[in-house]
Amino acid sequence: MNTHVKPGDPTFRDLASEEFDTRVHLAHAREQALVRKYEDFLIVDVDSHHYETDAFDEIAKYITDPVMRHEALFQGMARGGITSTDGSYQELAGRITRYPNRRKEKVPAEPHRDITLMHRWMDPMGVDIAVMFPTPMLNLAVCPRVELEVALAFAYNRWLCDTVLDKDPRIKSMLYLPFNDPAACLKVVEEFGEHPGCVGFMVTATHYKGVYDNAYAPVYAAMQERNLPLGFHAMFSWGDQSLRLTNRFIGVHALGFAWHNMLQLTNWVTNGMPERFPGLKTVWIESGLAWVPFLMQRLDNEYMMRPSDCPELKKKPSDYMRDMFFTSQPMEMVDNKAALEVTFQMINAETQLLYSSDYPHWDMDLPSTIYDLPFLSETAKRNILGGNAQRLFNLKPVYADWKLQSRGE
Amino acid sequence: MPEIRVCEHGEIADGAVRIVKTGRLEIGVIRQTDKYYAYRNLCPHQGGPACEGLRMPGVRSQIENGIFMGQTFDEGDMHIVCPWHGYEFHLADGTNVCDAKLKLQRFDVVQRDGAVYVVV
Ligand code: FES
């Protein structure tokens with residue numbers, strides 16, 4: 001018999017008999033959203049993902065080349081097994097339960113499964129608008145078949161526009177640029193640049209291409225003209241010559257995600273790209289933040305001694321970096337509040353930092369990682385969680401239904 | 001101290017967990033190798049449902065004279081793995097395996113007359 005317990009209370013759940021449901025998995029996120037009154041302001045998540053592998057048959061049908069389409073439909077697009085170079089055991093061998101359970105989650109026939117699954121995590125977290133990216137496709141950067149990268153870039157972007165972006169105003173994307181082919185990049189910008197829901201373009205940072213190459217000048221100019229930002233989405237490649245020395249995933253991930261963005265950003269600044277394309281805004285995605293102060297200090301120190309190396313620059317490298325935008329996740333939060341506060345100051349977080357969850361990946365961050373920081377004002381929190389992204393991407397606010405209902409709208 | 005009757009002994013399979021909710025309090029009652037453990041279903045990391053994930057034995061590297069010999073599972077040190085990001089806690093006492101300052105809140109479990117109670 002229960003003692004001192006109200007009728008109808010307690011309730012019980014047996015996990016062994018439950019089917020996986022993202023809304024249940026994130027029930028605590030919903031509680032956080034209610035306690036913090038997220039209904040009072042817009043939350044934009046600038047980096048989230050879906051598993052395009054689950055819809056790959058649909059995407060492959062968009063490949064125009066019939067031979068490549070046939071190959072793709074036959075071969076499929078899955079992450080590799082334990083010997084692959086692209087992830088191996090990123091999922092922590094089952095410890096992050098949403099990875100193996102994702103495919104089993106039941107959804108209604110309408111809307112598209114990806115839209116339902118997006119809403120099921122956005123709503124509990126209090127996210128109103130999410131910028132969505134693929135997952136395994138980020139590894140296309142290191143695919144030796146450039147023509148395949150181009151074909152899949154167009155197929156994926158067209159599929160995403162038709163299936164998701166056109167159907168749901170809460171979901172946006174910075175569409176994939178096949179960076180190994182500059183001419184194809186320009187075609188992508190021209191085809192999709194005005195498409196509703198396309199809020200910019202994204203390069204995965206593992207491309208072994210110099211961002212300073214003159215071949216990209218028309219691409220940058222076309223984006224600048226349309227006021228569309230260029231995002232560099234961090235990634236790792238276990239095939240990278242130096243990262244091959246890491247034998248544990250923590251090594252390749254911790255270094256790779258920072259390293260590849262450091263490399264691209266260093267080239268971007270030292271070649272004076274911000275002076276050559278002053279209206280082109282850049283966003284540095286999914287590298288966390290700790291690397292940014294390091295790179296600011298390092299580049300400033302060397303620039304003062306070697307201005308002849310970067311004559312295009314009119315101010316210090318860190319000044320250009322302070323004009324850039326950075327996404328927050330995975331934010332380094334363990335025992336380092338003082339360092340984090342300095343980092344926020346150094347990058348002008350109040351105007352330049354963009355909240356990102358990276359959901360559903362293993363190192364995702366909830367909005368509370370920003371909202372609960374003791375050194376931020378309420379205005380700064382709201383800017384980082386949504387206002388900065390709203391201004392950067394020129395977003396018309398669209399709120400989650402539950403927020404509108406709780407406000408009586 | 002109020003008690004909540006969670007189940008008959010045997011009603012929860014070995015290795016399984018039952019989440020008990022009373023008011024805003026959620027407790028995960030875990031049966032593991034025929035013992036019961038109860039922890040608050042709230043992770044000190046980002047507030048995830050710590051008890052709703054896997055139990056996994058701790059991983060150990062075997063080093064002899066500085067030479068890496070391989071890895072093994074330590075079945076004697078079962079961990080509660082939070083499903084959101086993988087923070088791990090010793091099942092025995094709820095302390096985080098990387099930083100003992102982080103803890104899952106523990107509740108006493110009482111077995112009486114074939115039933116299992118958690119003390120709240
Ligand atoms: S919330 Fe538990 S591991 Fe992050």
# chains A, B, ... in the order shown; residues from 1 in each chain; ligands from 1
>>> residues_near_ligand(ligand="ligand 1", cutoff="8 Å", atoms="only C-alpha atoms and all ligand atoms", output="number ranges by chain")
B: 42-50, 81-88
>>> interface_residues(of="chain A", to="chain B", cutoff="8 Å", atoms="only C-alpha atoms", output="CSV table (one decimal) with N, CA and C atoms, in the first residue's frame")
chain,number,residue,atom,x,y,z
A,1,MET,N,0.8,-1.2,0.0
A,1,MET,CA,0.0,0.0,0.0
A,1,MET,C,0.9,1.3,0.0
A,2,ASN,N,0.5,2.2,-0.8
A,2,ASN,CA,1.2,3.5,-0.7
A,2,ASN,C,0.7,4.3,0.4
A,3,THR,N,1.6,5.0,1.1
A,3,THR,CA,1.2,5.8,2.2
A,3,THR,C,1.5,7.3,1.8
A,4,HIS,N,0.7,8.2,2.3
A,4,HIS,CA,0.9,9.6,2.1
A,4,HIS,C,1.0,10.0,0.6
A,5,VAL,N,0.2,9.2,-0.2
A,5,VAL,CA,0.3,9.5,-1.6
A,5,VAL,C,-1.2,9.8,-2.1
A,9,ASP,N,-2.1,9.2,-7.9
A,9,ASP,CA,-0.7,9.5,-7.8
A,9,ASP,C,0.0,8.3,-7.0
A,10,PRO,N,1.0,7.7,-7.3
A,10,PRO,CA,1.9,8.0,-8.4
A,10,PRO,C,1.5,7.4,-9.7
A,11,THR,N,2.2,7.7,-10.8
A,11,THR,CA,2.1,7.0,-12.0
A,11,THR,C,3.3,6.2,-12.3
A,12,PHE,N,3.2,5.2,-13.1
A,12,PHE,CA,4.3,4.3,-13.4
A,12,PHE,C,4.5,4.2,-14.9
A,13,ARG,N,5.8,4.1,-15.3
A,13,ARG,CA,6.1,3.8,-16.7
A,13,ARG,C,7.1,2.6,-16.7
A,14,ASP,N,6.8,1.6,-17.6
A,14,ASP,CA,7.8,0.6,-17.7
A,14,ASP,C,8.5,0.7,-19.1
A,15,LEU,N,9.8,1.1,-19.0
A,15,LEU,CA,10.4,1.4,-20.2
A,15,LEU,C,10.5,0.2,-21.2
A,16,ALA,N,10.6,-1.0,-20.6
A,16,ALA,CA,10.8,-2.1,-21.5
A,16,ALA,C,9.6,-2.3,-22.5
A,25,HIS,N,11.1,11.1,-25.0
A,25,HIS,CA,12.6,11.2,-24.8
A,25,HIS,C,13.0,12.6,-24.3
A,26,LEU,N,12.2,13.6,-24.8
A,26,LEU,CA,12.6,15.0,-24.5
A,26,LEU,C,11.6,15.7,-23.5
A,28,HIS,N,11.7,16.1,-20.5
A,28,HIS,CA,12.4,17.0,-19.5
A,28,HIS,C,12.8,18.4,-20.2
A,29,ALA,N,13.0,18.3,-21.5
A,29,ALA,CA,13.3,19.5,-22.2
A,29,ALA,C,12.0,20.4,-22.2
A,92,LEU,N,28.2,5.9,-29.7
A,92,LEU,CA,28.5,5.4,-28.4
A,92,LEU,C,28.0,4.0,-28.1
A,95,ARG,N,24.7,3.6,-26.4
A,95,ARG,CA,24.4,4.4,-25.1
A,95,ARG,C,23.5,5.5,-25.4
A,96,ILE,N,23.6,6.1,-26.6
A,96,ILE,CA,22.7,7.2,-26.9
A,96,ILE,C,21.5,6.6,-27.6
A,97,THR,N,20.4,6.4,-26.8
A,97,THR,CA,19.4,5.5,-27.3
A,97,THR,C,18.6,6.0,-28.5
A,98,ARG,N,18.6,7.3,-28.7
A,98,ARG,CA,17.8,7.7,-29.9
A,98,ARG,C,18.4,7.3,-31.2
A,362,TRP,N,24.7,13.2,-30.6
A,362,TRP,CA,25.0,12.8,-29.3
A,362,TRP,C,25.5,13.9,-28.4
A,363,ASP,N,26.0,15.0,-29.0
A,363,ASP,CA,26.5,16.1,-28.2
A,363,ASP,C,25.6,17.3,-28.3
A,364,MET,N,24.3,17.1,-28.4
A,364,MET,CA,23.4,18.2,-28.6
A,364,MET,C,23.3,19.1,-27.4
A,365,ASP,N,22.9,20.3,-27.6
A,365,ASP,CA,22.8,21.3,-26.5
A,365,ASP,C,21.3,21.8,-26.5
A,366,LEU,N,20.8,21.8,-25.3
A,366,LEU,CA,19.4,22.4,-25.1
A,366,LEU,C,19.5,23.9,-25.0
A,368,SER,N,18.6,25.7,-22.7
A,368,SER,CA,19.0,26.0,-21.3
A,368,SER,C,20.5,26.2,-21.2
A,369,THR,N,21.3,25.6,-22.1
A,369,THR,CA,22.8,25.8,-22.0
A,369,THR,C,23.1,27.3,-22.1
>>> atom_distance(atom1="atom CA of Lys381 of chain A", atom2="atom CA of Ala349 of chain A")
9.6 Å
>>> select_by_dssp(residues="segment 91-323 of chain A", states="strand (DSSP E or B)", output="list in words")
Ile129, Ala130, Val131, Met132, Phe133, Ile171, Lys172, Ser173, Met174, Leu175, Tyr176, Cys198, Val199, Gly200, Phe201, Met202, Val203, Thr204, Leu230, Gly231, Phe232, His233, Thr282, Val283, Trp284 and Ile285 of chain A
>>> residues_around(residues="segment 384-395 of chain A", least_positions_apart="4", cutoff="6 Å", atoms="only C-alpha atoms", output="VMD selection string")
chain A and resid 42 to 44 199 351 353 to 355
>>> residues_around(residues="Arg158 of chain A", least_positions_apart="5", cutoff="12 Å", atoms="only C-alpha atoms", output="JSON, numbers by chain")
{"A": [58, 59, 60, 61, 62, 63, 64, 151, 152, 153, 163, 164, 165, 166, 173, 175, 176, 188, 191, 192, 195, 197, 198]}
>>> write_last_selection(atoms="C-alpha atoms", output="short mmCIF file (atom, residue, chain, number, x, y, z; two decimals), in the first residue's frame")
data_model
loop_
_atom_site.label_atom_id
_atom_site.label_comp_id
_atom_site.auth_asym_id
_atom_site.auth_seq_id
_atom_site.Cartn_x
_atom_site.Cartn_y
_atom_site.Cartn_z
CA GLU A 58 13.21 9.55 -52.39
CA ILE A 59 16.34 11.70 -52.69
CA ALA A 60 18.08 9.40 -55.17
CA LYS A 61 15.11 9.70 -57.52
CA TYR A 62 15.99 13.38 -57.89
CA ILE A 63 19.38 12.52 -59.42
CA THR A 64 19.10 13.56 -63.06
CA ALA A 151 24.63 15.14 -58.48
CA LEU A 152 23.71 14.47 -54.86
CA ALA A 153 23.94 18.14 -53.94
CA THR A 163 9.46 17.87 -49.41
CA VAL A 164 10.29 19.93 -46.36
CA LEU A 165 11.06 23.62 -46.91
CA ASP A 166 8.03 24.26 -49.13
CA SER A 173 18.21 25.23 -44.44
CA LEU A 175 21.70 24.40 -48.70
CA TYR A 176 24.60 22.16 -49.59
CA VAL A 188 23.37 25.87 -56.88
CA GLU A 191 18.95 27.77 -58.72
CA PHE A 192 18.11 27.92 -55.01
CA HIS A 195 13.90 29.69 -52.86
CA GLY A 197 13.28 28.45 -46.80
CA CYS A 198 16.81 28.62 -48.22
#
>>> atom_distance(atom1="atom CA of Phe249 of chain A", atom2="atom CA of Asp21 of chain A")
27.9 Å
>>> residues_around(residues="Asp74 of chain B", least_positions_apart="2", cutoff="8 Å", atoms="only C-alpha atoms", output="VMD selection string")
chain B and resid 57 to 60 72 76 to 78
>>> residues_around(residues="Glu275 of chain A", least_positions_apart="3", cutoff="9 Å", atoms="only C-alpha atoms", output="NGL selection string")
:A and (269 or 271-272 or 278-279 or 312-314)
